[in-house]
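Below is the file my_file34.tsv, which contains TSV, C-alpha atoms and all ligand atoms.
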```
chain	number	residue	atom	x	y	z
A	1	MET	CA	-62.94	-20.38	69.89
A	2	LEU	CA	-59.44	-20.18	68.51
A	3	TYR	CA	-59.48	-17.81	65.56
A	4	THR	CA	-56.25	-19.09	64.07
A	5	LYS	CA	-55.15	-20.16	60.63
A	6	LYS	CA	-52.78	-23.01	59.89
A	7	THR	CA	-51.76	-24.27	56.47
A	8	PHE	CA	-54.85	-26.47	56.41
A	9	GLU	CA	-58.03	-25.55	58.17
A	10	TYR	CA	-58.18	-28.86	60.01
A	11	GLU	CA	-54.74	-30.23	60.79
A	12	GLU	CA	-54.79	-33.97	61.39
A	13	ARG	CA	-52.28	-36.14	63.17
A	14	LEU	CA	-49.93	-37.93	60.81
A	15	ASN	CA	-51.41	-41.36	61.56
A	16	GLU	CA	-54.92	-40.10	60.74
A	17	ALA	CA	-54.04	-38.08	57.63
A	18	ASP	CA	-54.23	-38.92	53.92
A	19	ILE	CA	-51.65	-36.38	52.83
A	20	ALA	CA	-48.52	-35.16	54.59
A	21	LEU	CA	-46.70	-31.97	53.71
A	22	LEU	CA	-42.98	-31.65	54.45
A	23	GLY	CA	-40.84	-28.63	53.57
A	24	ILE	CA	-37.17	-29.32	52.80
A	25	PRO	CA	-35.51	-25.88	52.63
A	26	TRP	CA	-32.12	-27.24	51.49
A	27	ASP	CA	-30.53	-24.93	48.89
A	28	CYS	CA	-26.83	-25.33	49.68
A	29	THR	CA	-26.03	-26.54	46.15
A	30	GLU	CA	-28.10	-23.91	44.37
A	31	THR	CA	-26.05	-22.17	41.67
A	32	GLY	CA	-28.66	-19.50	40.88
A	33	SER	CA	-31.17	-17.65	43.07
A	34	PRO	CA	-31.73	-18.89	46.63
A	35	VAL	CA	-34.66	-21.33	46.91
A	36	ARG	CA	-34.70	-21.92	50.65
A	37	PHE	CA	-37.93	-19.97	51.15
A	38	GLY	CA	-39.86	-22.12	48.68
A	39	PRO	CA	-41.68	-24.01	51.48
A	40	VAL	CA	-42.66	-20.75	53.24
A	41	PHE	CA	-44.20	-19.11	50.19
A	42	ILE	CA	-45.74	-22.22	48.63
A	43	ARG	CA	-47.47	-22.84	51.98
A	44	GLU	CA	-48.78	-19.27	51.95
A	45	ALA	CA	-50.14	-19.87	48.45
A	46	ILE	CA	-51.76	-23.17	49.52
A	47	LYS	CA	-53.55	-21.29	52.35
A	48	ASN	CA	-55.09	-19.01	49.76
A	49	LEU	CA	-56.21	-21.81	47.45
A	50	PRO	CA	-59.91	-22.47	46.98
A	51	GLY	CA	-60.36	-26.19	47.66
A	52	TRP	CA	-63.05	-26.67	45.01
A	53	ASP	CA	-61.87	-27.74	41.58
A	54	PRO	CA	-64.67	-27.03	39.08
A	55	GLU	CA	-63.12	-29.33	36.48
A	56	LEU	CA	-62.57	-32.34	38.77
A	57	ARG	CA	-65.71	-31.70	40.91
A	58	ILE	CA	-63.68	-32.25	44.08
A	59	ASN	CA	-62.93	-30.03	47.06
A	60	ILE	CA	-59.53	-31.38	48.11
A	61	PHE	CA	-59.72	-29.80	51.56
A	62	GLU	CA	-63.03	-31.50	52.29
A	63	LYS	CA	-62.19	-34.82	50.70
A	64	PHE	CA	-58.81	-35.38	52.35
A	65	ARG	CA	-57.19	-35.05	55.75
A	66	PHE	CA	-53.92	-33.14	55.77
A	67	ALA	CA	-50.96	-33.11	58.14
A	68	ASP	CA	-48.38	-30.36	57.78
A	69	LEU	CA	-45.21	-31.73	59.37
A	70	GLY	CA	-43.34	-28.43	59.05
A	71	ASP	CA	-39.86	-28.14	57.60
A	72	LEU	CA	-37.04	-30.65	57.84
A	73	GLU	CA	-34.22	-29.22	59.92
A	74	ILE	CA	-31.41	-29.33	57.40
A	75	VAL	CA	-27.68	-29.45	58.22
A	76	HIS	CA	-26.32	-26.47	56.32
A	77	SER	CA	-23.69	-27.31	53.71
A	78	ASN	CA	-23.68	-30.98	54.64
A	79	TRP	CA	-25.55	-33.15	52.15
A	80	ASN	CA	-24.50	-36.41	53.81
A	81	LEU	CA	-26.17	-35.51	57.07
A	82	THR	CA	-29.12	-33.75	55.43
A	83	GLY	CA	-29.72	-36.68	53.08
A	84	LYS	CA	-29.70	-38.98	56.09
A	85	ARG	CA	-32.22	-36.76	57.89
A	86	ILE	CA	-34.48	-36.83	54.83
A	87	LYS	CA	-34.25	-40.61	54.75
A	88	ASP	CA	-34.87	-41.07	58.49
A	89	THR	CA	-37.80	-38.65	58.44
A	90	ILE	CA	-39.52	-40.34	55.51
A	91	LYS	CA	-38.95	-43.76	57.05
A	92	GLU	CA	-40.59	-42.57	60.26
A	93	MET	CA	-43.50	-41.02	58.30
A	94	PHE	CA	-44.26	-44.37	56.65
A	95	GLN	CA	-43.81	-46.31	59.88
A	96	GLU	CA	-46.40	-44.05	61.46
A	97	ASN	CA	-48.74	-44.21	58.45
A	98	PRO	CA	-47.95	-46.69	55.64
A	99	GLY	CA	-50.78	-45.28	53.47
A	100	ILE	CA	-49.62	-41.66	53.59
A	101	PHE	CA	-49.29	-39.62	50.38
A	102	PRO	CA	-46.23	-37.39	50.87
A	103	VAL	CA	-45.79	-33.97	49.29
A	104	PHE	CA	-42.36	-32.34	49.62
A	105	LEU	CA	-41.63	-28.65	49.06
A	106	GLY	CA	-38.05	-27.66	48.14
A	107	GLY	CA	-35.50	-26.48	48.27
A	108	ASP	CA	-33.11	-27.27	45.42
A	109	HIS	CA	-33.53	-30.33	43.21
A	110	LEU	CA	-30.94	-32.44	45.06
A	111	ILE	CA	-33.60	-33.20	47.69
A	112	THR	CA	-35.35	-35.46	45.16
A	113	LEU	CA	-32.39	-37.86	45.33
A	114	GLY	CA	-32.71	-38.22	49.10
A	115	ILE	CA	-36.48	-38.64	48.87
A	116	LEU	CA	-36.28	-41.36	46.20
A	117	ASP	CA	-33.45	-43.25	47.92
A	118	SER	CA	-35.84	-43.53	50.78
A	119	LEU	CA	-39.07	-44.29	48.87
A	120	SER	CA	-37.27	-46.93	46.82
A	121	GLU	CA	-36.29	-48.74	50.02
A	122	ILE	CA	-39.78	-48.44	51.48
A	123	LEU	CA	-41.78	-49.50	48.41
A	124	LYS	CA	-39.32	-52.22	47.32
A	125	LYS	CA	-40.69	-51.94	43.78
A	126	LYS	CA	-39.62	-50.32	40.55
A	127	ILE	CA	-40.66	-46.65	40.64
A	128	THR	CA	-41.29	-44.54	37.55
A	129	VAL	CA	-40.13	-40.99	38.23
A	130	ILE	CA	-41.72	-38.32	36.05
A	131	ASP	CA	-39.40	-35.31	36.14
A	132	PHE	CA	-40.71	-32.00	34.78
A	133	ASP	CA	-37.58	-29.91	34.34
A	134	ALA	CA	-35.84	-27.50	31.94
A	135	HIS	CA	-32.56	-29.25	32.70
A	136	ARG	CA	-31.47	-32.89	32.63
A	137	ASP	CA	-29.47	-32.74	35.89
A	138	LEU	CA	-27.46	-35.70	34.57
A	139	ALA	CA	-23.91	-34.43	35.16
A	140	SER	CA	-21.84	-36.86	37.25
A	141	GLU	CA	-20.28	-34.00	39.22
A	142	TRP	CA	-20.20	-30.23	39.36
A	143	LEU	CA	-16.84	-28.51	40.02
A	144	GLY	CA	-15.64	-31.77	41.56
A	145	GLU	CA	-18.65	-32.17	43.86
A	146	PRO	CA	-20.77	-35.25	43.14
A	147	TYR	CA	-23.95	-34.14	44.94
A	148	ASN	CA	-25.57	-31.06	43.48
A	149	HIS	CA	-28.90	-29.92	42.06
A	150	LEU	CA	-27.35	-30.43	38.59
A	151	THR	CA	-26.31	-34.06	39.30
A	152	TRP	CA	-29.14	-35.65	41.30
A	153	ALA	CA	-30.65	-37.45	38.26
A	154	TYR	CA	-27.27	-38.99	37.37
A	155	HIS	CA	-27.04	-40.53	40.83
A	156	LEU	CA	-30.68	-41.57	40.77
A	157	LEU	CA	-30.04	-43.60	37.60
A	158	GLN	CA	-27.48	-45.70	39.48
A	159	ASN	CA	-30.51	-47.22	41.22
A	160	ARG	CA	-31.71	-50.01	38.90
A	161	ASN	CA	-35.14	-49.86	40.48
A	162	ILE	CA	-35.82	-46.43	39.02
A	163	GLU	CA	-37.23	-45.62	35.60
A	164	LEU	CA	-36.76	-41.96	34.68
A	165	VAL	CA	-39.05	-39.96	32.40
A	166	GLN	CA	-37.98	-36.37	31.68
A	167	ILE	CA	-40.41	-33.80	30.30
A	168	GLY	CA	-39.78	-30.20	29.22
A	169	CYS	CA	-35.96	-30.41	29.05
A	170	ARG	CA	-34.31	-27.87	26.76
A	171	SER	CA	-30.80	-27.38	28.09
A	172	TRP	CA	-28.06	-29.92	28.75
A	173	SER	CA	-24.35	-30.62	28.16
A	174	ARG	CA	-22.83	-33.15	25.76
A	175	GLU	CA	-21.67	-35.26	28.70
A	176	GLU	CA	-25.26	-35.62	29.87
A	177	GLU	CA	-26.28	-37.21	26.54
A	178	ARG	CA	-24.39	-40.39	27.57
A	179	ALA	CA	-27.27	-41.24	29.87
A	180	PHE	CA	-29.98	-40.63	27.26
A	181	SER	CA	-30.42	-44.31	26.42
A	182	ARG	CA	-31.77	-44.86	29.94
A	183	ILE	CA	-34.30	-42.05	29.85
A	184	LYS	CA	-37.80	-41.80	28.41
A	185	ASN	CA	-39.15	-38.54	27.06
A	186	ARG	CA	-42.86	-39.20	27.12
A	187	ILE	CA	-45.47	-40.03	29.68
A	188	GLU	CA	-47.03	-43.44	29.27
A	189	LYS	CA	-49.35	-45.56	31.34
A	190	THR	CA	-47.37	-47.79	33.65
A	191	LYS	CA	-48.06	-50.39	36.28
A	192	ASN	CA	-45.19	-49.04	38.36
A	193	PRO	CA	-45.89	-46.65	41.19
A	194	VAL	CA	-45.22	-43.14	39.87
A	195	TYR	CA	-43.43	-40.33	41.67
A	196	ILE	CA	-43.77	-36.82	40.25
A	197	THR	CA	-41.05	-34.18	40.65
A	198	VAL	CA	-41.67	-30.67	39.34
A	199	ASP	CA	-38.73	-28.30	38.94
A	200	MET	CA	-40.46	-24.93	38.55
A	201	ASP	CA	-37.98	-23.93	35.82
A	202	VAL	CA	-39.82	-26.30	33.45
A	203	PHE	CA	-42.13	-23.34	32.81
A	204	ASP	CA	-41.20	-20.48	30.60
A	205	PRO	CA	-39.91	-17.63	32.81
A	206	ARG	CA	-42.96	-15.55	31.92
A	207	PHE	CA	-45.12	-18.03	33.89
A	208	ALA	CA	-42.64	-18.78	36.68
A	209	PRO	CA	-40.03	-16.02	36.87
A	210	GLU	CA	-38.86	-16.76	40.43
A	211	VAL	CA	-36.83	-19.95	40.04
A	212	GLY	CA	-33.26	-20.97	40.86
A	213	THR	CA	-32.01	-21.11	37.28
A	214	PRO	CA	-34.50	-19.69	34.73
A	215	GLU	CA	-34.32	-21.07	31.18
A	216	PRO	CA	-36.02	-19.42	28.18
A	217	LEU	CA	-38.31	-21.16	25.67
A	218	GLY	CA	-40.16	-23.13	28.32
A	219	MET	CA	-43.53	-24.73	28.65
A	220	ASN	CA	-46.71	-22.71	29.01
A	221	ALA	CA	-49.00	-23.41	31.95
A	222	GLN	CA	-51.77	-24.95	29.83
A	223	ASP	CA	-49.48	-27.51	28.19
A	224	PHE	CA	-47.94	-28.32	31.55
A	225	PHE	CA	-51.27	-29.03	33.23
A	226	ALA	CA	-52.38	-31.23	30.31
A	227	LEU	CA	-49.23	-33.34	30.73
A	228	LEU	CA	-49.62	-33.39	34.50
A	229	LYS	CA	-53.10	-34.80	34.01
A	230	GLN	CA	-51.62	-37.60	31.90
A	231	ALA	CA	-49.08	-38.34	34.61
A	232	CYS	CA	-51.90	-38.54	37.17
A	233	ARG	CA	-53.58	-41.35	35.23
A	234	ASN	CA	-51.05	-43.63	36.92
A	235	ARG	CA	-50.85	-44.72	40.52
A	236	VAL	CA	-49.05	-41.71	41.95
A	237	VAL	CA	-47.30	-42.30	45.28
A	238	GLY	CA	-45.67	-38.94	45.95
A	239	LEU	CA	-44.88	-35.46	44.71
A	240	ASP	CA	-42.21	-32.83	45.13
A	241	ILE	CA	-42.13	-29.25	43.92
A	242	VAL	CA	-38.63	-27.74	43.88
A	243	GLU	CA	-36.55	-24.72	42.85
A	244	CYS	CA	-39.14	-22.08	43.81
A	245	ALA	CA	-37.12	-18.89	44.44
A	246	SER	CA	-39.97	-16.74	45.73
A	247	ASP	CA	-38.90	-14.11	48.25
A	248	ARG	CA	-42.30	-12.67	49.18
A	249	PRO	CA	-45.93	-13.82	49.31
A	250	ASN	CA	-48.08	-14.14	46.19
A	251	THR	CA	-45.40	-14.46	43.53
A	252	GLN	CA	-46.35	-16.16	40.27
A	253	THR	CA	-44.11	-19.17	40.91
A	254	ALA	CA	-45.48	-19.94	44.38
A	255	VAL	CA	-49.10	-19.58	43.24
A	256	LEU	CA	-48.43	-21.88	40.30
A	257	ALA	CA	-46.73	-24.37	42.65
A	258	ALA	CA	-49.78	-24.38	44.95
A	259	ASN	CA	-51.98	-25.14	41.96
A	260	ILE	CA	-49.74	-28.08	41.01
A	261	PHE	CA	-50.27	-29.40	44.55
A	262	LYS	CA	-54.04	-29.05	44.10
A	263	LYS	CA	-54.14	-30.68	40.65
A	264	VAL	CA	-52.01	-33.66	41.60
A	265	ILE	CA	-54.04	-34.39	44.72
A	266	GLY	CA	-57.38	-33.78	43.00
A	267	GLY	CA	-56.36	-35.48	39.76
A	268	THR	CA	-55.01	-38.69	41.18
A	269	ALA	CA	-57.92	-38.96	43.59
A	270	ALA	CA	-60.51	-38.25	40.89
A	271	LEU	CA	-59.17	-41.13	38.85
A	272	GLY	CA	-58.89	-43.38	41.87
A	273	LYS	CA	-55.41	-44.47	40.85
A	274	SER	CA	-53.19	-43.07	43.54
A	275	SER	CA	-52.66	-44.49	46.98
A	276	LEU	CA	-55.29	-41.89	47.93
A	277	LYS	CA	-58.73	-43.31	48.46
B	301	MN	MN	-33.81	-29.63	38.11
```

Mind converting the file's structure to C-alpha cells?
Amino acid sequence: MLYTKKTFEYEERLNEADIALLGIPWDCTETGSPVRFGPVFIREAIKNLPGWDPELRINIFEKFRFADLGDLEIVHSNWNLTGKRIKDTIKEMFQENPGIFPVFLGGDHLITLGILDSLSEILKKKITVIDFDAHRDLASEWLGEPYNHLTWAYHLLQNRNIELVQIGCRSWSREEERAFSRIKNRIEKTKNPVYITVDMDVFDPRFAPEVGTPEPLGMNAQDFFALLKQACRNRVVGLDIVECASDRPNTQTAVLAANIFKKVIGGTAALGKSSLK
C-alpha cells in the first residue's frame, strides 16, 4: 500500500482522463504582486476540496477522471518562447486526447493569449471567451512592450474567430475604450464553444485579497457564482484561473479559485453541455 497523496486521489493517464490540469507559472509581465505560485497553492486547495456538491448532486472526483500534467516549464522573461511552449503543449494534449477538458492555473493573465491562440487553431471554430476581470486588459502595449498581462485581450481581439465577453470590469484607460464596440458585457446563450477565464481580481479584495493587482469595488462571491452558473449553461471547452498571488497554503484567493474549478466542472457536467460527458 502506498500511503501517498497526489492532487487527485486517482491520477489517470492523459489519454484516459476527462480533465487535465496544467499549471503555467508565468508571471514575468506582472506589474503587481508575484503570481508564480498560483498553481502550487490552488493545487493545495483542490486537494482539500470535498468532491460532493450538495447543490449539483455530483461528486466531481468520482464522476470524472483527472490527469495532473504538472507545470509548464516556462522560459523566464521570454514570452515568445514561453508562448510557443504553451502552444506546443496544448497541441500535444489534444493529439493525445481530443476529448480532454483542459484547466489551466496561472500565472499572469498573458497566458490566456497563448492558450487561446492554440485552442482557436485546434477547434477551428469561433470561440466565445467569457472573461471575468476587474480590468479590460485592452491596451495595445505597456511601456513599449506589446505582450503583457494588461494587453493580452487587445491581441486576442485581432483574432476574428474570437468573441469576447467581459464581466466585472471596473477600471480601464480611455485608450481601451476604442475596442469597446467589439466587446459584449453580458453572458448570453451561444452556440459557440465557450472558454472561461477568471482573473481573481474580479472579486472585491475582501473576498480575494491575494491577487496581482487588487481593485476595490469588486464583485462579491455570491454574485460571481451566479454569473458563473450562467456561463456554464453553454458548451464550455476550457477554463483558466489566473492572477492568484497566494504565498502560503489556505489563503482566501486560492480556496476561492479551487471552488471555481469545482463549480465549472460540476456545473457544465450537470447540464450536459460541456465536452464533458
Ligand atoms: Mn486580467

Taking only C-alpha atoms and all ligand atoms and a cut-off of 6 Å, can you tell me which residues surround ligand MN 301 (chain B), written as JSON, numbers by chain? {"A": [109, 133, 135, 137, 199]}

Could you give me, as an MDAnalysis selection string, the residues within 8 Å of range 2-9 of chain A, counting only C-alpha atoms and dropping anything in the same chain fewer than 2 positions from it? chainID A and resid 11 43:44 46:47 61 66:68

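Note that the spacing between CA of Asp201 in chain A and CA of Pro214 in chain A amounts to 5.6 Å.
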
Which residues are close to range 165-167 of chain A, i.e. within 7 Å by only C-alpha atoms, leaving aside same-chain residues fewer than 4 positions away? Reply as an NGL selection string. :A and (129-133 or 183-187)

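Look at Lys125 in chain A: the protein and nucleic acid residues within 10 Å of it, using only C-alpha atoms and passing over chain neighbours fewer than 2 places away, are Leu119, Ser120, Glu121, Ile122, Leu123, Ile127, Thr128, Asn161, Ile162, Asn192 and Pro193 of chain A.
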
Who sits within 8 Å of Pro34 in chain A, only C-alpha atoms, same chain under 3 positions skipped, as a list in words: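 The residues that qualify are Asp27, Glu30, Phe37, Gly212 and Ala245 of chain A.
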
Residues of range 58-160 of chain A that have any atom at most 10 Å from an atom of range 14-26 of chain A: could you tabulate them with the shortest-distance atom pair and the distance in Å to one decimal, using all atoms listed in the file, ordered by chain and increasing number, as CSV?
```
residue,atom,partner,partner_atom,distance
A:Lys63,CA,A:Asp18,CA,9.5
A:Phe64,CA,A:Asp18,CA,6.0
A:Arg65,CA,A:Ala17,CA,4.8
A:Phe66,CA,A:Ile19,CA,4.9
A:Ala67,CA,A:Ala20,CA,4.8
A:Asp68,CA,A:Leu21,CA,4.7
A:Leu69,CA,A:Leu22,CA,5.4
A:Gly70,CA,A:Leu22,CA,5.6
A:Asp71,CA,A:Gly23,CA,4.2
A:Leu72,CA,A:Ile24,CA,5.2
A:Glu73,CA,A:Ile24,CA,7.7
A:Ile74,CA,A:Trp26,CA,6.3
A:Val75,CA,A:Trp26,CA,8.4
A:His76,CA,A:Trp26,CA,7.6
A:Ser77,CA,A:Trp26,CA,8.7
A:Asn78,CA,A:Trp26,CA,9.8
A:Trp79,CA,A:Trp26,CA,8.9
A:Thr82,CA,A:Trp26,CA,8.2
A:Gly83,CA,A:Trp26,CA,9.9
A:Ile86,CA,A:Ile24,CA,8.2
A:Thr89,CA,A:Leu22,CA,9.6
A:Ile90,CA,A:Leu22,CA,9.4
A:Met93,CA,A:Leu14,CA,7.6
A:Phe94,CA,A:Asn15,CA,9.2
A:Gln95,CA,A:Asn15,CA,9.2
A:Glu96,CA,A:Asn15,CA,5.7
A:Asn97,CA,A:Asn15,CA,5.0
A:Pro98,CA,A:Asn15,CA,8.7
A:Gly99,CA,A:Asp18,CA,7.2
A:Ile100,CA,A:Asp18,CA,5.4
A:Phe101,CA,A:Ile19,CA,4.7
A:Pro102,CA,A:Ala20,CA,4.9
A:Val103,CA,A:Leu21,CA,4.9
A:Phe104,CA,A:Leu22,CA,4.9
A:Leu105,CA,A:Gly23,CA,4.6
A:Gly106,CA,A:Ile24,CA,5.0
A:Gly107,CA,A:Pro25,CA,4.4
A:Asp108,CA,A:Trp26,CA,6.2
A:His109,CA,A:Trp26,CA,8.9
A:Leu110,CA,A:Trp26,CA,8.4
A:Ile111,CA,A:Trp26,CA,7.2
A:Thr112,CA,A:Ile24,CA,10.0
```

Counting all atoms listed in the file, the option among A:Gly238, A:Gly168, A:Pro54, A:Pro249 closest to Ser118 in chain A: A:Gly238

Would you list the contacts of Phe207 in chain A as a PyMOL selection string, taking every protein, DNA or RNA residue within 9 Å and counting all atoms listed in the file, but skipping same-chain residues closer than 2 positions in sequence? chain A and resi 203-205+209+219-221+252-253+256

For CA of Met200 in chain A and CA of Ile241 in chain A, the interatomic separation in Å (one decimal): 7.1 Å

Could you check how far CA of Phe261 in chain A sits from CA of Lys229 in chain A, in Å to one decimal?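 Result for CA of Phe261 in chain A versus CA of Lys229 in chain A: 12.2 Å, one decimal.
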
Using all atoms listed in the file, give me every residue within 12 Å of (-54.5, -31.4, 42.4) in file coordinates, as a count of residues only. 43

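Nearest-residue note for Val202 in chain A: choosing from A:Ala134, A:Val255, A:Val35, A:Leu150, the minimum distance belongs to A:Ala134, counting all atoms listed in the file.
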
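Using all atoms listed in the file for every distance, the candidate list A:Met1, A:Leu143, A:Val194, A:Leu138 yields A:Val194 as the residue closest to Glu163 in chain A.
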
Once 3 Å is added on each side, what centre and edge lengths in Å to one decimal does the axis-aligned box around all listed atoms of range 192-198 of chain A have, as JSON?
```
{"center_x": -43.5, "center_y": -39.9, "center_z": 40.0, "size_x": 10.8, "size_y": 24.4, "size_z": 9.3}
```

Find the residue from A:Trp172, A:Tyr10, A:Phe224, A:Tyr195 that sits nearest to Glu62 in chain A; use only C-alpha atoms when measuring.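 Looking only at the distances to Glu62 in chain A, the closest residue turns out to be A:Tyr10.
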
Saved range 146-163 of chain A from the preceding structure, N, CA and C atoms, as a PDB file, in the first residue's frame:
```pdb
ATOM      1  N   PRO A 146       4.587  45.023 -26.300  1.00  0.00           N
ATOM      2  CA  PRO A 146       3.241  44.616 -26.723  1.00  0.00           C
ATOM      3  C   PRO A 146       2.606  43.498 -25.882  1.00  0.00           C
ATOM      4  N   TYR A 147       3.429  42.572 -25.374  1.00  0.00           N
ATOM      5  CA  TYR A 147       2.847  41.402 -24.700  1.00  0.00           C
ATOM      6  C   TYR A 147       2.978  41.499 -23.188  1.00  0.00           C
ATOM      7  N   ASN A 148       1.829  41.655 -22.538  1.00  0.00           N
ATOM      8  CA  ASN A 148       1.800  41.942 -21.110  1.00  0.00           C
ATOM      9  C   ASN A 148       0.452  41.483 -20.553  1.00  0.00           C
ATOM     10  N   HIS A 149       0.360  41.349 -19.256  1.00  0.00           N
ATOM     11  CA  HIS A 149      -0.928  40.919 -18.683  1.00  0.00           C
ATOM     12  C   HIS A 149      -2.000  42.007 -18.812  1.00  0.00           C
ATOM     13  N   LEU A 150      -1.586  43.237 -19.187  1.00  0.00           N
ATOM     14  CA  LEU A 150      -2.540  44.329 -19.394  1.00  0.00           C
ATOM     15  C   LEU A 150      -2.936  44.473 -20.866  1.00  0.00           C
ATOM     16  N   THR A 151      -2.345  43.659 -21.748  1.00  0.00           N
ATOM     17  CA  THR A 151      -2.569  43.818 -23.201  1.00  0.00           C
ATOM     18  C   THR A 151      -3.100  42.555 -23.895  1.00  0.00           C
ATOM     19  N   TRP A 152      -3.175  41.454 -23.152  1.00  0.00           N
ATOM     20  CA  TRP A 152      -3.496  40.176 -23.815  1.00  0.00           C
ATOM     21  C   TRP A 152      -4.823  40.235 -24.568  1.00  0.00           C
ATOM     22  N   ALA A 153      -5.833  40.938 -23.994  1.00  0.00           N
ATOM     23  CA  ALA A 153      -7.168  40.947 -24.622  1.00  0.00           C
ATOM     24  C   ALA A 153      -7.145  41.757 -25.925  1.00  0.00           C
ATOM     25  N   TYR A 154      -6.310  42.798 -25.970  1.00  0.00           N
ATOM     26  CA  TYR A 154      -6.146  43.566 -27.213  1.00  0.00           C
ATOM     27  C   TYR A 154      -5.662  42.641 -28.336  1.00  0.00           C
ATOM     28  N   HIS A 155      -4.645  41.863 -28.030  1.00  0.00           N
ATOM     29  CA  HIS A 155      -4.088  40.968 -29.060  1.00  0.00           C
ATOM     30  C   HIS A 155      -5.061  39.844 -29.406  1.00  0.00           C
ATOM     31  N   LEU A 156      -5.811  39.398 -28.404  1.00  0.00           N
ATOM     32  CA  LEU A 156      -6.793  38.341 -28.661  1.00  0.00           C
ATOM     33  C   LEU A 156      -7.833  38.808 -29.673  1.00  0.00           C
ATOM     34  N   LEU A 157      -8.228  40.089 -29.568  1.00  0.00           N
ATOM     35  CA  LEU A 157      -9.261  40.618 -30.470  1.00  0.00           C
ATOM     36  C   LEU A 157      -8.793  40.721 -31.919  1.00  0.00           C
ATOM     37  N   GLN A 158      -7.493  40.610 -32.156  1.00  0.00           N
ATOM     38  CA  GLN A 158      -7.008  40.611 -33.543  1.00  0.00           C
ATOM     39  C   GLN A 158      -7.409  39.305 -34.245  1.00  0.00           C
ATOM     40  N   ASN A 159      -7.762  38.307 -33.438  1.00  0.00           N
ATOM     41  CA  ASN A 159      -8.224  37.031 -33.994  1.00  0.00           C
ATOM     42  C   ASN A 159      -9.732  37.121 -34.251  1.00  0.00           C
ATOM     43  N   ARG A 160     -10.104  37.110 -35.524  1.00  0.00           N
ATOM     44  CA  ARG A 160     -11.522  37.313 -35.903  1.00  0.00           C
ATOM     45  C   ARG A 160     -12.393  36.139 -35.477  1.00  0.00           C
ATOM     46  N   ASN A 161     -11.782  35.062 -35.069  1.00  0.00           N
ATOM     47  CA  ASN A 161     -12.550  33.891 -34.649  1.00  0.00           C
ATOM     48  C   ASN A 161     -12.834  33.879 -33.154  1.00  0.00           C
ATOM     49  N   ILE A 162     -12.640  35.049 -32.531  1.00  0.00           N
ATOM     50  CA  ILE A 162     -12.879  35.145 -31.088  1.00  0.00           C
ATOM     51  C   ILE A 162     -13.958  36.182 -30.830  1.00  0.00           C
ATOM     52  N   GLU A 163     -14.921  35.799 -29.983  1.00  0.00           N
ATOM     53  CA  GLU A 163     -15.895  36.770 -29.480  1.00  0.00           C
ATOM     54  C   GLU A 163     -15.585  36.949 -27.991  1.00  0.00           C
TER      55      GLU A 163
END
```
